[in-house]
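Engineer: Let me begin by handing over the structure; questions about it come next.
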Amino acid sequence: MTMLEDRSTTNAKLNSKVPAGALADKWDTFKANAKLVNPNNKRKFKVIVVGTGLAGASAAATLAELGYQVDAFTFHDSARRAHSIAAQGGINAAKNYQGDGDSVSRLFTDTIKGGDFRSREGNVYRLAQVSVNIIDQMVAQGVPFAREYGGLLDNRSFGGAQVSRTFYARGQTGQQLLLGAYQQLSRQIGLGGVRLFNRCELVDVVVIDGRAAGIVTRDLLTGQVTSHAAHAVVLATGGYGNVYFLSTNAMNCNVTAAWRAHRRGAYFANPCFTQIHPTCIPQADETQSKLTLMSESLRNDGRVWVPKNADETRPAHQIPEEDRDYYLERLYPSYGNLAPRDISSRAAKRLVDRGQGVGPLKNGVYLDFSAAINRLGRNVVEERYGNLFEMYERIAGENPYQVPMRIYPATHYTMGGLWVDYELQTTIPGLYAAGEANFSDHGANRLGASALMQGLADGYFVLPYTISNGLAPLLNKSVPGTDHPEFKRVEAEARDRYQAYINVKGTRSPDYFHRELGKIIWDYCGMERDRNGLEKAISEIPALYDEFKKDLRVTGTGEGVNQTLEKAGRVDDFFQLGMLMCKDALTREESAGGHFRVEYQTAEGEAQRDDENYCHVAAWEWTGDANNATRHEEQLSFETLQLATRSYK
Amino acid sequence: MATSTAPVREPVTATAAASRTRKPFLLDLYGTAVGKKYAMAVSGIALMGFVLFHMIGNLKMYFGAADLNEYAEFLKKLLYPLAPKESVLWILRLGLIGMLALHLHAAWSLTMLNRRARPVRYQSARDYQEASLASRSMRLSGIVVFTFIVWHLLDLTFGVVNTIGADGDFVRAEVYANVVRSLDRWPVALFYVVANLLLGLHLSHGVWSIFQSLGWNNPRFNAWRIAFARGFAAIVVIGNVSFPVAVTLGIVSV
Amino acid sequence: MSHVLKNLTVKVWRQDGPTAKGNFETHVIDSITDEASFLEMLDVLNERLIADGKEAVVFDHDCREGICGTCSLMINGQAHGPQRATTTCQLHMRSFKSNDTIVIEPWRAGAFPIVKDLMVDRSAFDRIVESGGYITSPTGGAPDANLIPVPKPVADASMDSAACIGCGACVAACPNGAANLFVGAKIAHLNLLPQGQAERFKRAEAMVDTMDEHFGSCTNHGECSAACPKEISLDVIALMNKDYRSAKFKNRKELSRN
């Protein structure tokens with residue numbers, strides 16, 4: 001461990017502020033010592049919440065219930081549309097309703113281990129602790145979770161866990177949880193506790209005297225750029241998976257809010273930790289705009305296989321058992337088809353690379369339900385996965401009750417994000433990041449059904465406590481208003497930036513550049529990375545970025561709706577992020593979770609961590625040049641768990 | 001970028017804060033579209049009762065003039081001598097007129113509401129999936145049936161358009177003769193048939209609609225709701241259409 | 001497996017703003033694979049428009065998985081196009097043939113004013129939810145989740161209604177521009193659950209009253225349910241009607257409200 005300490009860059013900003021004491025007591029200690037704001041004083045504080053997904057909606061609603069003035073922002077038409085809605089499988093909680101040996105500490109252990117020991121123990125333990133409150137809260141709000149016949153809550157199991165702790169609402173858990181949070185937010189909007197700015201996109205963060213003073217937004221309907229001042233700003237703006245162009249993210253998911261905060265001084269942590277989800281529908285053609293995920297829960301009953309012979313031409317049902325390779329069951333007998341996402345994804349990639357892929361483009365593996373249908377009957381399978389099967393059929397045009405699904409990994413989630421301390425505060429005081437937008441609790445790899453858990457934990461049960469701790473000292477002190485010159489300067493900068501996209505008048509659309517950028521990132525910073533590829537990417541991206549600046553074409557004007565212009569701004573930020581991702585991947589000379597460097601693997605081809613040199617969070621500081629960020633480290637120490645090699649064999 | 005001249009959009013807040021003033025409860029209920037549909041359903045039930053019993057009563061025609069005229073007399077003497085002659089009949093008539101007025105008013109105001117709800121129509125052809133001829137022609141069938149009712153009253157209640165009897169006079173008590181004389185005119189018989197077919201169409205959707213509007217919904221009988229509506233409409237139509245047909249074919253004559 | 005569609009005529013509604021006069025603009029797509037989704041076909045069209053220096057067609061879309069409810073579009077006279085139980089974003093070109101003419105219009109309803117081209121403003125739906133489409137349960141006060149048993153059939157029925165994605169196809173498809181299916185679905189979702197009972201009648205009344213300010217009335221055509229990508233049943237409308245009526249007749253004092 002001394003070695004680790006020697007390497008750490010001293011950076012006062014990277015103080016995680018995790019309370020001292022036993023792991024199990026840290027959150028209670030924090031709550032007991034946190035500064036409070038008297039109920040009558042809460043209304044004197046304004047909090048801006050950007051994003052209305054699980055984290056944003058739950059935070060905005062809860063803060064408004066407490067009495068703060070809340071301004072919520074979404075670029076959607078309605079707060080109900082955020083991409084949290086697309087999560088299918090479920091939400092983890094250490095309720096142990098099944099009596100199968102689950103507990104807070106087991107959920108904690110699974111999450112740390114699943115994240116390949118690259119997350120902060122204190123945060124993860126708290127996440128496991130509040131997970132039980134989330135289920136209570138969501139049930140009270142009317143989320144129609146699946147039930148047993150006796151009326152009690154049902155659970156299913158998910159990848160990376162040996163207990164059944166996942167609560168679900170058919171294949172629409174994310175939708176139901178988001179609607180719960182949306183409804184709670186709507187109630188506050190109705191009552192006047194929250195002011196909602198819809199179709200309004202954050203285009204910059206304003207920092208005055210080292211503290212977040214507010215944000216600058218662009219109204220997507222009118223093109224107007226306006227300032228909003230507040231005592232605290234919460235970014236709950238999701239992940240950056242769309243940097244790959246093809247991902248399971250929604251079309252409008254982007255990194256702009258987090259990136260603009262980064263450019264104003266918020267450190268960006270572990271950008272190379274991206275998750276590739278093993279069960280997505282393979283790309284079908286060149287016009288493809290996005291990939292669709294099929295819930296990981298399918299792996300509970302589906303068996304993953306490829307033909308043993310790369311030259312196999314028979315349709316799936318004609319391939320006899322002995323000619324099939326159920327590779328997950330073979331390689332990881334104890335977890336089998338439920339091996340964690342990164343491991344399952346890489347296994348699929350290797351087989352496809354070896355030519356054993358299936359489907360017309362030989363770019364997938366089979367996920368086969370015939371055994372489950374024989375064992376459980378079609379009705380049970382339909383009950384569990386009916387809507388997913390229908391969705392598959394709509395997209396792929398094949399009936400998965402009759403022929404096996406074809407799946408392939410796709411970018412799905414980004415563990416990296418804005419660096420935050422225990423209070424979810426970024427390196428800019430007064431600026432908080434929640435949900436997928438922060439670098440969070442998942443380390444190098446997120447377990448299934450944990451994203452919903454984290455989003456809601458941050459919004460409902462963490463931010464309301466930590467924000468009051470941050471606001472209390474500001475009571476009766478004046479903060480800069482939107483008439484402050486810095487707001488005006490940032491506003492003007494934003495206006496100029498968007499006008500500049502229009503002024504290029506080149507020949508290529510933003511989508512063209514996005515697609516090209518995505519290809520580079522996918523090829524060199526995707527499921528497997530190596531030094532040569534990353535160096536190549538680091539030289540190619542700036543060249544493409546230069547072309548973007550010279551040859552972009554945005555038609556229409558900056559006034560009124562202009563989706564092409566919106567896209568241009570987002571792609572611009574993806575370029576800069578892309579460079580940082582590759583740089584982060586290059587400098588992390590180990591394999592951990594979703595970050596797999598081919599140079600660092602065991603003889604069996606598994607990820608090889610380097611705990612001596614890389615047991616830290618890489619937090620990047622903006623220097624004004626996207627290709628030249630400064631790397632800082634927050635050392636991770638594991639007091640409770642022993643650093644161990646992940647094994648799912 | 002030029003400063004936009006469009007007004008700044010205000011955020012959404014306090015949308016549910018305004019408290020509304022409440023009218024007396026039936027008016028309050030009638031104040032919304034759902035309440036008006038409720039009123040349409042309730043008045044619809046009353047009107048259903050009327051068309052059914054009217055049809056059944058008229059079947060007396062097949063037993064001859066004496067039976068039908070006696071039935072007409074019976075209606076006038078409902079609850080007589082407890083109540084004065086025709087008093088109960090008038091109560092029923094007023095009730096029916098009230099229900100019809102309510103039905104019409106609700107239909108009219110809902111139609112206006114629906115017009116406002118889509119001020120600009122689709123500019124391309126719609127491809128309806130479920131909406132039936134019956135459901136889409138409720139307004140038309142309703143208007144024709146209403147016109148028919150007015151004419152029917154003028155014809156057989158007031159005799160205004162029924163002056164071509166043997167002696168050229170309309171005798172109110174001679175119900176049987178009035179009916180047969182009127183339906184002996186083929187345009188009248190045709191109008192009668194058309195109006196009743198439209199009544200059937202109106203009922204086949206309207207009766208089912210009653211269940212929905214009143215919230216009478218239960219998996220145990222949901223499947224029967226449409227069957228009931230169609231059956232009811234069929235019975236009324238068959239009964240009513242049989243009269244002009246019988247007269248035209250000479251099965252029933254003076 | 002895939003095959004290519006040739007010579008598609010696409011007539012798409014263009015309108016500069018809420019009050020501008022709109023018109024159909026005709027484009028020909030020479031060829032596109034049938035594996036493409038409908039919106040990918042529009043992406044292709046937009047790329048071409050940009051290449052020609054023209055403004056791209058504005059349309060709402062986001063998740064492209066049929067769950068966020070952002071996409072809309074009236075396609076050949078049907079909300080979300082010809083495939084049942086399918087949103088526009090999940091509709092694929094294999095639902096069409098070579099040489100087809102495809103007419104694309106925005107949702108049309110007074111409550112859904114056109115923003116631009118095919119984009120409409122559906123915030124009237126949010127106003128309805130804000131007026132009562134929730135269960136009041138401030139963060140932190142919830143009892144243990146298993147203290148409130150919900151029989152499986154009840155949870156299932158509630159989930160059937162809760163599946164609504166708020167896309168507005170029901171309003172778009174309704175000949176009367178009514179929102180009863182949307183509102184009924186939310187009311188059924190919450191009113192069927194034990195947790196929703198405390199505010200059951202207040203909710204029904206408030207939501208129906210708000211609905212009335214924006215939308216037309218239900219004449220039980222059934223178009224809404226046929227257009228609904230989540231196949232929500234007309235039963236939810238009956239339940240809403242029942243609860244709304246009950247709300248008016250219930251003793252307000254017993255329900256502790258006025």
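Residues are referred to by chain and number: the chain letter is A, B, ... according to the order shown in the structure tokens, the number counts from 1 in that chain, and ligands are numbered separately from 1 in the order shown.
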Determine which residues of region 37-242 of chain C receive a DSSP assignment of alpha helix (DSSP H), computed from the backbone, and state them as a count of residues only.
Structural biologist: 80
Engineer: Tell me as an MDAnalysis selection string which residues belonging to chain C come within 6 Å of chain B, counting only C-alpha atoms.
Structural biologist: chainID C and resid 77:78 109:110 131 176:177 215:217 221:223 238:239 241:242
Engineer: Chain A residues within 7 Å of chain C, counting only C-alpha atoms: which ones, as a ChimeraX atom specification?
Structural biologist: /A:62,65,78,81,83,85-86,135-137,139-142,144,146-153,183-184,186-187,189-190,249-252,284-285,287-289,292,394-395,460,507,509,555-556,563
Engineer: I'd like the contact shell of Thr248 (chain A) - 6 Å cut-off, only C-alpha atoms, skipping same-chain residues fewer than 5 positions apart - returned as a list in words.
Structural biologist: Leu291, Thr292, Leu293 and His412 of chain A
Engineer: Using only C-alpha atoms, find each residue in chain A having at least one atom no more than 10 Å away from chain B; report its shortest atom-to-atom pair and that distance in Å (one decimal), rows by chain then rising number, as a Markdown table.
Structural biologist:
```
| residue | atom | partner | partner_atom | distance |
| --- | --- | --- | --- | --- |
| A:Asp71 | CA | B:Pro11 | CA | 8.6 |
| A:Ala72 | CA | B:Pro11 | CA | 9.1 |
| A:Phe73 | CA | B:Pro11 | CA | 9.2 |
| A:Ser186 | CA | B:Thr13 | CA | 9.3 |
| A:Arg187 | CA | B:Ala16 | CA | 8.3 |
| A:Gln188 | CA | B:Ala14 | CA | 8.0 |
| A:Ile189 | CA | B:Thr13 | CA | 4.9 |
| A:Gly190 | CA | B:Ala16 | CA | 4.4 |
| A:Leu191 | CA | B:Ala14 | CA | 4.8 |
| A:Gly192 | CA | B:Ala14 | CA | 3.7 |
| A:Gly193 | CA | B:Ala14 | CA | 7.4 |
| A:Val194 | CA | B:Thr13 | CA | 6.2 |
| A:Arg195 | CA | B:Thr13 | CA | 4.8 |
| A:Leu196 | CA | B:Val12 | CA | 5.0 |
| A:Phe197 | CA | B:Pro11 | CA | 4.8 |
| A:Asn198 | CA | B:Pro11 | CA | 7.4 |
| A:Cys200 | CA | B:Pro11 | CA | 9.9 |
| A:Asp219 | CA | B:Arg9 | CA | 8.2 |
| A:Leu221 | CA | B:Arg9 | CA | 8.9 |
| A:Thr222 | CA | B:Ala6 | CA | 6.8 |
| A:Gly223 | CA | B:Ser4 | CA | 7.4 |
| A:Gln224 | CA | B:Ser4 | CA | 6.3 |
| A:Val225 | CA | B:Thr3 | CA | 8.9 |
| A:Thr226 | CA | B:Val8 | CA | 9.1 |
| A:Ala492 | CA | B:Met1 | CA | 9.0 |
| A:Ala494 | CA | B:Met1 | CA | 9.6 |
| A:Arg495 | CA | B:Met1 | CA | 5.8 |
| A:Asp496 | CA | B:Met1 | CA | 6.4 |
| A:Arg497 | CA | B:Met1 | CA | 9.0 |
| A:Tyr498 | CA | B:Met1 | CA | 7.6 |
| A:Gln499 | CA | B:Met1 | CA | 5.2 |
| A:Ala500 | CA | B:Met1 | CA | 8.6 |
| A:Ile502 | CA | B:Met1 | CA | 9.4 |
| A:Asn503 | CA | B:Met1 | CA | 9.9 |
| A:Thr557 | CA | B:Met1 | CA | 9.0 |
| A:Gly558 | CA | B:Met1 | CA | 6.9 |
| A:Glu559 | CA | B:Ser4 | CA | 6.5 |
| A:Gly560 | CA | B:Ser4 | CA | 8.9 |
```
Engineer: Would you list the contacts of region 381-388 of chain A as number ranges by chain, taking every protein, DNA or RNA residue within 7 Å and counting only C-alpha atoms, but skipping same-chain residues closer than 3 positions in sequence?
Structural biologist: A: 170-171, 294, 373, 376-378, 391-392
Engineer: Write out, as a short mmCIF file (atom, residue, chain, number, x, y, z; two decimals), in the first residue's frame, the residues just selected, with C-alpha atoms.
Structural biologist:
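Writing the result to selection-v1.cif gives the following:
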```
data_model
loop_
_atom_site.label_atom_id
_atom_site.label_comp_id
_atom_site.auth_asym_id
_atom_site.auth_seq_id
_atom_site.Cartn_x
_atom_site.Cartn_y
_atom_site.Cartn_z
CA ARG A 170 -42.46 -6.83 -16.04
CA GLY A 171 -39.78 -5.74 -18.48
CA MET A 294 -32.73 -6.81 -24.54
CA ILE A 373 -39.90 -23.22 -22.97
CA LEU A 376 -41.44 -24.02 -17.88
CA GLY A 377 -43.93 -24.01 -20.71
CA ARG A 378 -44.48 -21.20 -23.15
CA MET A 391 -39.98 -6.12 -29.00
CA TYR A 392 -37.38 -8.44 -30.46
#
```
Engineer: So which residues touch Leu517 (chain A) within 7 Å, counting only C-alpha atoms, skipping near sequence neighbours fewer than 4 positions away, as an MDAnalysis selection string?
Structural biologist: chainID A and resid 513 521 541
Engineer: Write out the residues from the selection above, keeping all heavy atoms, as an mmCIF file, in the first residue's frame.
Structural biologist:
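Saved to selection05.cif:
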```cif
data_model
loop_
_atom_site.group_PDB
_atom_site.id
_atom_site.type_symbol
_atom_site.label_atom_id
_atom_site.label_comp_id
_atom_site.auth_asym_id
_atom_site.auth_seq_id
_atom_site.Cartn_x
_atom_site.Cartn_y
_atom_site.Cartn_z
ATOM 1 N N PHE A 513 -20.441 13.436 -38.764
ATOM 2 C CA PHE A 513 -19.268 13.479 -37.887
ATOM 3 C C PHE A 513 -19.458 12.579 -36.671
ATOM 4 O O PHE A 513 -18.518 11.930 -36.202
ATOM 5 C CB PHE A 513 -18.995 14.923 -37.461
ATOM 6 C CG PHE A 513 -18.456 15.767 -38.572
ATOM 7 C CD1 PHE A 513 -19.257 16.693 -39.206
ATOM 8 C CD2 PHE A 513 -17.148 15.604 -39.015
ATOM 9 C CE1 PHE A 513 -18.767 17.453 -40.251
ATOM 10 C CE2 PHE A 513 -16.644 16.354 -40.057
ATOM 11 C CZ PHE A 513 -17.460 17.290 -40.681
ATOM 12 N N ILE A 521 -14.085 5.576 -31.873
ATOM 13 C CA ILE A 521 -14.121 5.244 -30.448
ATOM 14 C C ILE A 521 -14.464 3.768 -30.260
ATOM 15 O O ILE A 521 -13.896 3.084 -29.411
ATOM 16 C CB ILE A 521 -15.148 6.132 -29.709
ATOM 17 C CG1 ILE A 521 -14.904 7.594 -30.047
ATOM 18 C CG2 ILE A 521 -15.129 5.868 -28.223
ATOM 19 C CD1 ILE A 521 -14.218 8.410 -29.041
ATOM 20 N N ILE A 541 -8.781 11.425 -33.870
ATOM 21 C CA ILE A 541 -9.935 12.234 -33.420
ATOM 22 C C ILE A 541 -9.684 13.728 -33.643
ATOM 23 O O ILE A 541 -10.548 14.413 -34.201
ATOM 24 C CB ILE A 541 -10.314 11.918 -31.958
ATOM 25 C CG1 ILE A 541 -10.760 10.457 -31.849
ATOM 26 C CG2 ILE A 541 -11.433 12.828 -31.480
ATOM 27 C CD1 ILE A 541 -10.970 9.984 -30.424
#
```
Engineer: Can you list, as JSON, numbers by chain, every protein, DNA or RNA residue that comes within 7 Å of region 350-364 of chain A when you count only C-alpha atoms, leaving out same-chain residues fewer than 2 positions away?
Structural biologist: {"A": [282, 306, 307, 309, 310, 346, 347, 348, 366, 406, 407, 408]}
Engineer: Those residues with C-alpha atoms, as a PDB file, in the first residue's frame please?
Structural biologist:
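Done, and the output landed in result.pdb:
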```pdb
ATOM      1  CA  PRO A 282     -27.009  -6.873 -33.466  1.00  0.00           C
ATOM      2  CA  VAL A 306     -22.668 -20.329 -30.833  1.00  0.00           C
ATOM      3  CA  PRO A 307     -22.032 -23.139 -33.283  1.00  0.00           C
ATOM      4  CA  ASN A 309     -17.936 -24.787 -36.266  1.00  0.00           C
ATOM      5  CA  ALA A 310     -17.247 -21.376 -37.809  1.00  0.00           C
ATOM      6  CA  ARG A 346     -15.908 -10.082 -24.246  1.00  0.00           C
ATOM      7  CA  ALA A 347     -16.627 -13.770 -24.544  1.00  0.00           C
ATOM      8  CA  ALA A 348     -19.156 -13.001 -27.274  1.00  0.00           C
ATOM      9  CA  TYR A 366     -27.651 -17.071 -29.937  1.00  0.00           C
ATOM     10  CA  ARG A 406     -29.478 -13.144 -31.852  1.00  0.00           C
ATOM     11  CA  ILE A 407     -27.607 -10.863 -29.506  1.00  0.00           C
ATOM     12  CA  TYR A 408     -24.378  -8.933 -29.473  1.00  0.00           C
TER      13      TYR A 408
END
```
Engineer: Kindly indicate which residue among A:Leu202, A:Ala213, A:Val598, A:Ala60 lies nearest to Pro429 (chain A), using only C-alpha atoms for the distances.
Structural biologist: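 Distance minimum relative to Pro429 (chain A) lands on A:Ala213.
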Engineer: Per DSSP on the backbone, filter region 100-214 of chain C down to the residues in strand (DSSP E or B) and report them as a list in words.
Structural biologist: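 Here is the list: Thr101, Ile102, Val103, Ile104, Glu105, Ile114, Val115, Lys116, Met119, Val120 and Ala178 of chain C.
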Engineer: Could you tell me which of A:Lys46, A:Lys13, A:Lys583, A:Arg199 comes closest to Thr217 (chain A) if we count only C-alpha atoms?
Structural biologist: A:Arg199
Engineer: Report, in Å to a single decimal, how far apart CA of Val233 (chain A) and CA of Phe268 (chain A) are.
Structural biologist: 16.7 Å
